[in-house]
Amino acid sequence: MLILGIESSCDETGLALYDTAHGLLAHALHSQVDMHEAYGGVVPELASRDHIRRVLPLLRQCLTEAQRQVSDLDAIAVTQGPGLAGALLVGSSVAHALGFALGKPVIGIHHLEGHLLSPLLSADAPAFPFVALLVSGGHTQLMRVNQVGDYELLGETLDDAAGEAFDKTAKLLGLGYPGGPALAQLATQSQASANTYTLPRPMLHSKDLNFSFSGLKTAVSTLVKHHSPLTQEQRADIACAFEEAMVDVLAGKCVQSLAHTGLQRLVVAGGVSANRKLRARLDHAAQTQGFTVCYPPAALCTDNGAMIAFAAAMRLQSPVAGEKTERGAAEDSAAYGFTIKPRWDLSELTPSMRRDMSAKRARSKTQGAPRTGKK
Ligand code: KG4
Ligand code: ZN
């Protein structure tokens, strides 16, 4: 089965062709980073217009690379939400127009489910169930992934997402957008011993699996004001201290989640999963504490069409989600219509019975601390 994936929820236009028998055949991406950089963040209207310009040329590029025709497609997968409404509409309009013209089903995919399953595109993909750390520009969540379409929220950020904290801190240090990769690069220039600047590790020892990053960003802001104007050396040292604090908290909570669930398989996905220091720390913890950790292939950490096509393939093949996915696509096509979901909670994908159980478990968990077995 050949599936086209289309991602256009924010500032990347991503298209890909995934074959259920032969794997990923092609993927093509256009990042709008250069266009938005002048504004210090994503400008939604500019994002939508650029998706319109890019989507068909990228589709042709994928078809050429995979040596396939548009008529070879068996299904079209598209990010249905969450994301910027105008940007989502571009991808969905193209997907449904193609589906209508070809008489093929269109499958709306949750962007975070795409990220969540993307590590399974790696050669060392783990079996279900596993714990997933989802760290993107808009989300920071720890999840127990029982199988495709069955996700239990273990903890999440109470304020800023990890990527957002990287971006805001990078801005304080005079770096451009997106800040994560730039900050990580600056941190490599630091010659400082670990404690030149000490930043807080928010909620590392809270008795739950939640995060909070806004205080960390405020601590950097105070440091920057106190030492201004900063030398290049100080900027690098502060970047390094920030990255260390982030990595301590993210890796620490992953280990706590594994102890809490009793699972020994971890996957890390979303833009921040590209961070080298985070990977090194988790790899080390995995080795010393006897769990496995898996990341998406490097090129598929940030937004892309491959994870959307792959998530659709996984859903269609899933005993839990398959029938519901096919029914949704059939209803849309019978109605000649489609919807986008700019706001969409991932827990809505999980069957209602499981959601009730998760909610009950979450309620009882708030009354007791998670087990912290392996530290
Ligand atoms: O998943 P993603 O591409 O988009 C969203 O769905 O949000 O994640 C983008 C985020 C940005 O905040 C970016 O700064 C961060 O991922 N990011 C990184 C790195 N690469 C991307 N953060 C830290 N280190 C990196 N190497
Ligand atoms: Zn994303």
# chains A, B, ... in the order shown; residues from 1 in each chain; ligands from 1
call {"tool": "select_by_dssp", "arguments": {"residues": "range 67-113 of chain A", "states": "strand (DSSP E or B)", "output": "PDB file with N, CA, C and O atoms, in the first residue's frame"}}
result
ATOM      1  N   ALA A  75      -3.594   5.738  -0.665  1.00  0.00           N
ATOM      2  CA  ALA A  75      -4.237   6.576   0.359  1.00  0.00           C
ATOM      3  C   ALA A  75      -3.411   7.847   0.539  1.00  0.00           C
ATOM      4  O   ALA A  75      -2.219   7.881   0.202  1.00  0.00           O
ATOM      5  N   ILE A  76      -4.076   8.868   1.063  1.00  0.00           N
ATOM      6  CA  ILE A  76      -3.391  10.131   1.327  1.00  0.00           C
ATOM      7  C   ILE A  76      -3.565  10.459   2.800  1.00  0.00           C
ATOM      8  O   ILE A  76      -4.685  10.458   3.312  1.00  0.00           O
ATOM      9  N   ALA A  77      -2.446  10.690   3.481  1.00  0.00           N
ATOM     10  CA  ALA A  77      -2.487  11.042   4.904  1.00  0.00           C
ATOM     11  C   ALA A  77      -2.121  12.509   5.039  1.00  0.00           C
ATOM     12  O   ALA A  77      -1.199  12.984   4.368  1.00  0.00           O
ATOM     13  N   VAL A  78      -2.826  13.205   5.918  1.00  0.00           N
ATOM     14  CA  VAL A  78      -2.553  14.633   6.072  1.00  0.00           C
ATOM     15  C   VAL A  78      -2.675  15.020   7.541  1.00  0.00           C
ATOM     16  O   VAL A  78      -3.511  14.474   8.265  1.00  0.00           O
ATOM     17  N   THR A  79      -1.839  15.959   7.978  1.00  0.00           N
ATOM     18  CA  THR A  79      -1.966  16.469   9.344  1.00  0.00           C
ATOM     19  C   THR A  79      -3.266  17.245   9.455  1.00  0.00           C
ATOM     20  O   THR A  79      -3.457  18.258   8.793  1.00  0.00           O
ATOM     21  N   GLN A  80      -4.159  16.746  10.336  1.00  0.00           N
ATOM     22  CA  GLN A  80      -5.475  17.385  10.488  1.00  0.00           C
ATOM     23  C   GLN A  80      -5.452  18.401  11.633  1.00  0.00           C
ATOM     24  O   GLN A  80      -6.288  19.277  11.718  1.00  0.00           O
ATOM     25  N   GLY A  81      -4.481  18.288  12.524  1.00  0.00           N
ATOM     26  CA  GLY A  81      -4.340  19.197  13.646  1.00  0.00           C
ATOM     27  C   GLY A  81      -3.383  18.576  14.644  1.00  0.00           C
ATOM     28  O   GLY A  81      -2.909  17.465  14.413  1.00  0.00           O
ATOM     29  N   VAL A 106      -8.722   9.597   2.337  1.00  0.00           N
ATOM     30  CA  VAL A 106      -7.849  10.604   2.948  1.00  0.00           C
ATOM     31  C   VAL A 106      -7.912  10.402   4.456  1.00  0.00           C
ATOM     32  O   VAL A 106      -8.994  10.361   5.039  1.00  0.00           O
ATOM     33  N   ILE A 107      -6.748  10.271   5.071  1.00  0.00           N
ATOM     34  CA  ILE A 107      -6.685   9.959   6.501  1.00  0.00           C
ATOM     35  C   ILE A 107      -6.108  11.155   7.254  1.00  0.00           C
ATOM     36  O   ILE A 107      -4.977  11.566   6.999  1.00  0.00           O
ATOM     37  N   GLY A 108      -6.925  11.701   8.147  1.00  0.00           N
ATOM     38  CA  GLY A 108      -6.477  12.851   8.957  1.00  0.00           C
ATOM     39  C   GLY A 108      -5.663  12.349  10.132  1.00  0.00           C
ATOM     40  O   GLY A 108      -6.105  11.499  10.896  1.00  0.00           O
ATOM     41  N   ILE A 109      -4.456  12.885  10.266  1.00  0.00           N
ATOM     42  CA  ILE A 109      -3.539  12.410  11.314  1.00  0.00           C
ATOM     43  C   ILE A 109      -3.282  13.515  12.339  1.00  0.00           C
ATOM     44  O   ILE A 109      -3.147  14.680  11.999  1.00  0.00           O
ATOM     45  N   HIS A 110      -3.225  13.103  13.594  1.00  0.00           N
ATOM     46  CA  HIS A 110      -2.860  14.027  14.677  1.00  0.00           C
ATOM     47  C   HIS A 110      -1.344  14.248  14.611  1.00  0.00           C
ATOM     48  O   HIS A 110      -0.573  13.283  14.627  1.00  0.00           O
TER      49      HIS A 110
END
call {"tool": "residues_around", "arguments": {"residues": "range 23-29 of chain A", "least_positions_apart": "3", "cutoff": "10 Å", "atoms": "only C-alpha atoms", "output": "short mmCIF file (atom, residue, chain, number, x, y, z; two decimals) with N, CA, C and O atoms, in the first residue's frame"}}
result
data_model
loop_
_atom_site.label_atom_id
_atom_site.label_comp_id
_atom_site.auth_asym_id
_atom_site.auth_seq_id
_atom_site.Cartn_x
_atom_site.Cartn_y
_atom_site.Cartn_z
N LEU A 2 0.65 2.14 -0.95
CA LEU A 2 1.48 3.35 -1.06
C LEU A 2 0.71 4.54 -0.49
O LEU A 2 -0.39 4.87 -0.95
N ILE A 3 1.31 5.18 0.53
CA ILE A 3 0.63 6.29 1.22
C ILE A 3 1.43 7.57 1.04
O ILE A 3 2.64 7.61 1.30
N LEU A 4 0.71 8.63 0.62
CA LEU A 4 1.33 9.96 0.55
C LEU A 4 1.08 10.65 1.88
O LEU A 4 -0.05 10.64 2.39
N GLY A 5 2.12 11.24 2.47
CA GLY A 5 1.96 12.00 3.72
C GLY A 5 2.16 13.48 3.44
O GLY A 5 3.09 13.86 2.72
N ILE A 6 1.27 14.30 4.01
CA ILE A 6 1.39 15.76 3.84
C ILE A 6 1.36 16.42 5.22
O ILE A 6 0.43 16.21 6.00
N GLU A 7 2.39 17.21 5.51
CA GLU A 7 2.47 17.94 6.79
C GLU A 7 2.56 19.44 6.48
O GLU A 7 3.44 19.86 5.73
N GLU A 12 6.82 24.18 8.33
CA GLU A 12 7.51 23.27 7.42
C GLU A 12 6.49 22.62 6.50
O GLU A 12 5.46 22.14 6.96
N THR A 13 6.78 22.62 5.19
CA THR A 13 5.94 21.86 4.27
C THR A 13 6.68 20.55 4.04
O THR A 13 7.80 20.55 3.52
N GLY A 14 6.04 19.44 4.45
CA GLY A 14 6.71 18.14 4.31
C GLY A 14 5.84 17.18 3.53
O GLY A 14 4.64 17.06 3.79
N LEU A 15 6.42 16.51 2.54
CA LEU A 15 5.69 15.47 1.79
C LEU A 15 6.53 14.21 1.77
O LEU A 15 7.76 14.29 1.79
N ALA A 16 5.87 13.07 1.75
CA ALA A 16 6.62 11.81 1.75
C ALA A 16 5.77 10.70 1.17
O ALA A 16 4.54 10.77 1.17
N LEU A 17 6.46 9.68 0.67
CA LEU A 17 5.77 8.48 0.18
C LEU A 17 6.25 7.30 1.01
O LEU A 17 7.46 7.01 1.08
N TYR A 18 5.29 6.64 1.66
CA TYR A 18 5.62 5.47 2.49
C TYR A 18 4.90 4.25 1.93
O TYR A 18 3.70 4.28 1.69
N ASP A 19 5.68 3.21 1.71
CA ASP A 19 5.11 1.98 1.17
C ASP A 19 5.10 0.94 2.30
O ASP A 19 6.15 0.68 2.91
N THR A 20 3.93 0.35 2.57
CA THR A 20 3.85 -0.57 3.72
C THR A 20 4.74 -1.81 3.51
O THR A 20 5.13 -2.45 4.48
N GLN A 32 10.44 26.97 6.39
CA GLN A 32 10.21 28.41 6.21
C GLN A 32 11.04 29.24 7.20
O GLN A 32 10.79 30.44 7.33
N ARG A 54 4.61 25.74 -2.03
CA ARG A 54 5.56 24.61 -1.98
C ARG A 54 4.94 23.24 -2.20
O ARG A 54 5.64 22.31 -2.62
N VAL A 55 3.68 23.07 -1.84
CA VAL A 55 3.18 21.71 -1.67
C VAL A 55 3.20 20.88 -2.96
O VAL A 55 3.67 19.73 -2.96
N PRO A 57 5.06 21.36 -5.90
CA PRO A 57 6.43 21.02 -6.33
C PRO A 57 7.07 19.93 -5.46
O PRO A 57 7.76 19.05 -5.98
N LEU A 58 6.81 19.95 -4.15
CA LEU A 58 7.38 18.92 -3.28
C LEU A 58 6.76 17.56 -3.56
O LEU A 58 7.44 16.52 -3.50
N LEU A 59 5.47 17.56 -3.90
CA LEU A 59 4.81 16.30 -4.26
C LEU A 59 5.46 15.71 -5.52
O LEU A 59 5.80 14.53 -5.57
N ARG A 60 5.68 16.58 -6.52
CA ARG A 60 6.31 16.10 -7.77
C ARG A 60 7.70 15.56 -7.48
O ARG A 60 8.12 14.53 -8.01
N GLN A 61 8.43 16.27 -6.60
CA GLN A 61 9.79 15.84 -6.24
C GLN A 61 9.78 14.43 -5.62
O GLN A 61 10.60 13.57 -5.97
N CYS A 62 8.82 14.18 -4.73
CA CYS A 62 8.72 12.85 -4.10
C CYS A 62 8.39 11.77 -5.13
O CYS A 62 8.97 10.69 -5.12
N LEU A 63 7.43 12.09 -6.01
CA LEU A 63 7.02 11.09 -7.01
C LEU A 63 8.19 10.75 -7.93
O LEU A 63 8.42 9.58 -8.26
N THR A 64 8.94 11.77 -8.32
CA THR A 64 10.09 11.54 -9.20
C THR A 64 11.12 10.67 -8.49
O THR A 64 11.62 9.69 -9.05
N GLU A 65 11.42 11.04 -7.24
CA GLU A 65 12.44 10.31 -6.48
C GLU A 65 12.04 8.83 -6.30
O GLU A 65 12.87 7.93 -6.40
N ALA A 66 10.76 8.60 -6.06
CA ALA A 66 10.30 7.22 -5.83
C ALA A 66 9.94 6.51 -7.13
O ALA A 66 9.59 5.32 -7.10
N GLN A 67 10.00 7.25 -8.24
CA GLN A 67 9.63 6.71 -9.56
C GLN A 67 8.21 6.14 -9.54
O GLN A 67 7.97 5.00 -9.93
N ARG A 68 7.30 6.94 -9.00
CA ARG A 68 5.88 6.55 -8.94
C ARG A 68 5.03 7.65 -9.57
O ARG A 68 5.47 8.78 -9.72
N LEU A 121 10.18 4.41 12.87
CA LEU A 121 10.78 4.38 11.53
C LEU A 121 12.26 4.00 11.59
O LEU A 121 12.90 3.78 10.57
N ALA A 299 16.93 13.11 10.44
CA ALA A 299 16.24 14.02 9.52
C ALA A 299 14.74 14.10 9.81
O ALA A 299 14.04 14.95 9.26
N LEU A 300 14.24 13.21 10.67
CA LEU A 300 12.80 13.16 10.90
C LEU A 300 12.41 13.56 12.33
O LEU A 300 11.33 13.23 12.81
N ASP A 303 9.36 18.63 12.14
CA ASP A 303 8.16 18.30 11.36
C ASP A 303 8.50 17.79 9.96
O ASP A 303 9.41 18.31 9.30
N ASN A 304 7.76 16.78 9.51
CA ASN A 304 8.02 16.19 8.19
C ASN A 304 6.81 15.38 7.74
O ASN A 304 5.94 15.04 8.55
N GLY A 305 6.76 15.06 6.46
CA GLY A 305 5.63 14.30 5.92
C GLY A 305 5.75 12.81 6.15
O GLY A 305 4.75 12.09 6.18
N ALA A 306 6.99 12.33 6.36
CA ALA A 306 7.20 10.88 6.52
C ALA A 306 6.47 10.37 7.76
O ALA A 306 5.84 9.31 7.74
N MET A 307 6.55 11.15 8.85
CA MET A 307 5.90 10.68 10.09
C MET A 307 4.38 10.65 9.92
O MET A 307 3.70 9.83 10.56
N ALA A 309 2.71 10.04 6.94
CA ALA A 309 2.40 8.86 6.11
C ALA A 309 2.55 7.59 6.95
O ALA A 309 1.72 6.67 6.88
N PHE A 310 3.61 7.54 7.75
CA PHE A 310 3.89 6.35 8.56
C PHE A 310 2.79 6.14 9.61
O PHE A 310 2.33 5.01 9.83
#
call {"tool": "residues_around", "arguments": {"residues": "Gln234 in chain A", "least_positions_apart": "4", "cutoff": "12 Å", "atoms": "only C-alpha atoms", "output": "ChimeraX atom specification"}}
result
/A:173,186-187,189-192,196-197,220,223-224,226-230,238-241
call {"tool": "residues_around", "arguments": {"residues": "Asp34 in chain A", "least_positions_apart": "4", "cutoff": "10 Å", "atoms": "only C-alpha atoms", "output": "MDAnalysis selection string"}}
result
chainID A and resid 38:39 176:178
call {"tool": "closest_residue", "arguments": {"among": "A:Ala321, A:Val135, A:Ala334, A:Leu154", "to": "Asn275 in chain A", "atoms": "only C-alpha atoms"}}
result
A:Val135
call {"tool": "select_by_dssp", "arguments": {"residues": "range 273-309 of chain A", "states": "helix (DSSP H, G or I)", "output": "PyMOL selection string"}}
result
chain A and resi 273-274+276-289+298-300+306-309
call {"tool": "closest_residue", "arguments": {"among": "A:His36, A:Arg279, A:Lys324, A:His260", "to": "ligand 1", "atoms": "only C-alpha atoms and all ligand atoms"}}
result
A:Arg279
call {"tool": "atom_distance", "arguments": {"atom1": "atom 10 (C, counted along the ligand's line) of ligand 1", "atom2": "CA of Lys341 in chain A"}}
result
20.4 Å
call {"tool": "closest_residue", "arguments": {"among": "A:Gly163, A:Pro44, A:Gly174, A:Pro297", "to": "Leu250 in chain A", "atoms": "only C-alpha atoms"}}
result
A:Gly163
call {"tool": "residues_near_ligand", "arguments": {"ligand": "ligand 1", "cutoff": "6 Å", "atoms": "only C-alpha atoms and all ligand atoms", "output": "PyMOL selection string"}}
result
chain A and resi 136-138+163-164+166-167+178-181+184+270-272+274-275+302-303
call {"tool": "write_last_selection", "arguments": {"atoms": "N, CA and C atoms", "output": "PDB file, in the first residue's frame"}}
result
ATOM      1  N   SER A 136       8.490  19.011  21.697  1.00  0.00           N
ATOM      2  CA  SER A 136       8.473  19.817  20.469  1.00  0.00           C
ATOM      3  C   SER A 136       8.392  21.291  20.845  1.00  0.00           C
ATOM      4  N   GLY A 137       8.122  22.133  19.838  1.00  0.00           N
ATOM      5  CA  GLY A 137       8.018  23.565  20.103  1.00  0.00           C
ATOM      6  C   GLY A 137       6.772  23.902  20.908  1.00  0.00           C
ATOM      7  N   GLY A 138       5.740  23.099  20.790  1.00  0.00           N
ATOM      8  CA  GLY A 138       4.478  23.410  21.455  1.00  0.00           C
ATOM      9  C   GLY A 138       4.088  22.439  22.554  1.00  0.00           C
ATOM     10  N   GLY A 163      10.785  23.001  23.741  1.00  0.00           N
ATOM     11  CA  GLY A 163      11.286  23.717  22.561  1.00  0.00           C
ATOM     12  C   GLY A 163      11.061  25.219  22.682  1.00  0.00           C
ATOM     13  N   GLU A 164       9.909  25.562  23.244  1.00  0.00           N
ATOM     14  CA  GLU A 164       9.581  26.976  23.453  1.00  0.00           C
ATOM     15  C   GLU A 164      10.595  27.612  24.409  1.00  0.00           C
ATOM     16  N   PHE A 166      13.681  26.606  24.883  1.00  0.00           N
ATOM     17  CA  PHE A 166      14.930  26.743  24.108  1.00  0.00           C
ATOM     18  C   PHE A 166      14.843  28.006  23.249  1.00  0.00           C
ATOM     19  N   ASP A 167      13.705  28.188  22.570  1.00  0.00           N
ATOM     20  CA  ASP A 167      13.559  29.329  21.649  1.00  0.00           C
ATOM     21  C   ASP A 167      13.597  30.666  22.393  1.00  0.00           C
ATOM     22  N   PRO A 178      14.689  29.272  14.599  1.00  0.00           N
ATOM     23  CA  PRO A 178      14.332  28.704  15.890  1.00  0.00           C
ATOM     24  C   PRO A 178      15.572  28.568  16.758  1.00  0.00           C
ATOM     25  N   GLY A 179      15.392  28.785  18.047  1.00  0.00           N
ATOM     26  CA  GLY A 179      16.551  28.925  18.918  1.00  0.00           C
ATOM     27  C   GLY A 179      17.226  27.634  19.333  1.00  0.00           C
ATOM     28  N   GLY A 180      16.498  26.520  19.334  1.00  0.00           N
ATOM     29  CA  GLY A 180      17.058  25.279  19.875  1.00  0.00           C
ATOM     30  C   GLY A 180      18.402  24.891  19.274  1.00  0.00           C
ATOM     31  N   PRO A 181      18.449  24.706  17.948  1.00  0.00           N
ATOM     32  CA  PRO A 181      19.735  24.286  17.357  1.00  0.00           C
ATOM     33  C   PRO A 181      20.825  25.349  17.543  1.00  0.00           C
ATOM     34  N   ALA A 184      22.098  25.200  21.145  1.00  0.00           N
ATOM     35  CA  ALA A 184      22.927  23.995  21.341  1.00  0.00           C
ATOM     36  C   ALA A 184      24.315  24.206  20.727  1.00  0.00           C
ATOM     37  N   GLY A 270       9.963  14.480  18.550  1.00  0.00           N
ATOM     38  CA  GLY A 270       9.722  15.924  18.496  1.00  0.00           C
ATOM     39  C   GLY A 270      11.038  16.651  18.271  1.00  0.00           C
ATOM     40  N   GLY A 271      10.949  17.928  17.892  1.00  0.00           N
ATOM     41  CA  GLY A 271      12.139  18.691  17.501  1.00  0.00           C
ATOM     42  C   GLY A 271      13.293  18.620  18.485  1.00  0.00           C
ATOM     43  N   VAL A 272      12.991  18.682  19.792  1.00  0.00           N
ATOM     44  CA  VAL A 272      14.068  18.711  20.792  1.00  0.00           C
ATOM     45  C   VAL A 272      14.786  17.360  20.882  1.00  0.00           C
ATOM     46  N   ALA A 274      16.270  16.065  18.695  1.00  0.00           N
ATOM     47  CA  ALA A 274      17.500  16.173  17.897  1.00  0.00           C
ATOM     48  C   ALA A 274      18.675  16.617  18.767  1.00  0.00           C
ATOM     49  N   ASN A 275      18.393  17.100  19.973  1.00  0.00           N
ATOM     50  CA  ASN A 275      19.457  17.663  20.822  1.00  0.00           C
ATOM     51  C   ASN A 275      20.484  16.597  21.221  1.00  0.00           C
ATOM     52  N   THR A 302      12.301  16.899  13.465  1.00  0.00           N
ATOM     53  CA  THR A 302      11.397  18.052  13.353  1.00  0.00           C
ATOM     54  C   THR A 302      10.279  17.682  12.367  1.00  0.00           C
ATOM     55  N   ASP A 303       9.361  18.629  12.141  1.00  0.00           N
ATOM     56  CA  ASP A 303       8.159  18.305  11.362  1.00  0.00           C
ATOM     57  C   ASP A 303       8.500  17.792   9.957  1.00  0.00           C
TER      58      ASP A 303
END
call {"tool": "residues_around", "arguments": {"residues": "Arg49 in chain A", "least_positions_apart": "6", "cutoff": "12 Å", "atoms": "only C-alpha atoms", "output": "PyMOL selection string"}}
result
chain A and resi 8+10-13+32+35+43+55+86-91
call {"tool": "write_last_selection", "arguments": {"atoms": "N, CA, C and O atoms", "output": "short mmCIF file (atom, residue, chain, number, x, y, z; two decimals), in the first residue's frame"}}
result
data_model
loop_
_atom_site.label_atom_id
_atom_site.label_comp_id
_atom_site.auth_asym_id
_atom_site.auth_seq_id
_atom_site.Cartn_x
_atom_site.Cartn_y
_atom_site.Cartn_z
N SER A 8 1.63 20.21 7.06
CA SER A 8 1.69 21.67 6.85
C SER A 8 1.11 22.39 8.06
O SER A 8 0.46 23.40 7.91
N CYS A 10 2.60 23.96 10.57
CA CYS A 10 3.27 25.15 11.11
C CYS A 10 4.19 25.77 10.06
O CYS A 10 3.70 26.33 9.08
N ASP A 11 5.48 25.65 10.22
CA ASP A 11 6.39 26.36 9.32
C ASP A 11 7.25 25.43 8.47
O ASP A 11 8.29 25.83 7.97
N GLU A 12 6.82 24.18 8.33
CA GLU A 12 7.51 23.27 7.42
C GLU A 12 6.49 22.62 6.50
O GLU A 12 5.46 22.14 6.96
N THR A 13 6.78 22.62 5.19
CA THR A 13 5.94 21.86 4.27
C THR A 13 6.68 20.55 4.04
O THR A 13 7.80 20.55 3.52
N GLN A 32 10.44 26.97 6.39
CA GLN A 32 10.21 28.41 6.21
C GLN A 32 11.04 29.24 7.20
O GLN A 32 10.79 30.44 7.33
N MET A 35 12.33 32.60 6.17
CA MET A 35 11.29 33.61 5.93
C MET A 35 10.79 34.21 7.25
O MET A 35 10.54 35.41 7.34
N VAL A 43 4.92 33.72 11.38
CA VAL A 43 3.81 34.62 11.02
C VAL A 43 2.78 33.75 10.27
O VAL A 43 3.04 33.32 9.15
N VAL A 55 3.68 23.07 -1.84
CA VAL A 55 3.18 21.71 -1.67
C VAL A 55 3.20 20.88 -2.96
O VAL A 55 3.67 19.73 -2.96
N GLY A 86 -4.88 28.22 9.14
CA GLY A 86 -4.66 28.48 7.71
C GLY A 86 -3.67 27.51 7.10
O GLY A 86 -3.86 27.02 5.98
N ALA A 87 -2.64 27.21 7.86
CA ALA A 87 -1.60 26.29 7.37
C ALA A 87 -2.17 24.87 7.23
O ALA A 87 -1.93 24.18 6.22
N LEU A 88 -2.97 24.45 8.21
CA LEU A 88 -3.59 23.11 8.14
C LEU A 88 -4.53 23.02 6.94
O LEU A 88 -4.61 21.97 6.28
N LEU A 89 -5.23 24.12 6.67
CA LEU A 89 -6.19 24.11 5.56
C LEU A 89 -5.51 23.85 4.22
O LEU A 89 -6.09 23.21 3.34
N VAL A 90 -4.29 24.35 4.07
CA VAL A 90 -3.58 24.14 2.80
C VAL A 90 -3.35 22.65 2.57
O VAL A 90 -3.72 22.09 1.53
N GLY A 91 -2.75 21.99 3.58
CA GLY A 91 -2.48 20.56 3.44
C GLY A 91 -3.75 19.76 3.23
O GLY A 91 -3.83 18.89 2.35
#
call {"tool": "atom_distance", "arguments": {"atom1": "CA of Cys301 in chain A", "atom2": "CA of Ser118 in chain A"}}
result
7.9 Å
call {"tool": "residues_around", "arguments": {"residues": "Leu158 in chain A", "least_positions_apart": "3", "cutoff": "12 Å", "atoms": "only C-alpha atoms", "output": "list of chain:residue names"}}
result
A:Gly138, A:His139, A:Thr140, A:Gln141, A:Gly155, A:Ala161, A:Ala162, A:Pro202, A:Met203, A:Asp208, A:Leu209, A:Asn210, A:Phe211, A:Ser212, A:Phe213, A:Ser214, A:Gly215
call {"tool": "atom_distance", "arguments": {"atom1": "CA of Asp72 in chain A", "atom2": "CA of Val148 in chain A"}}
result
26.0 Å
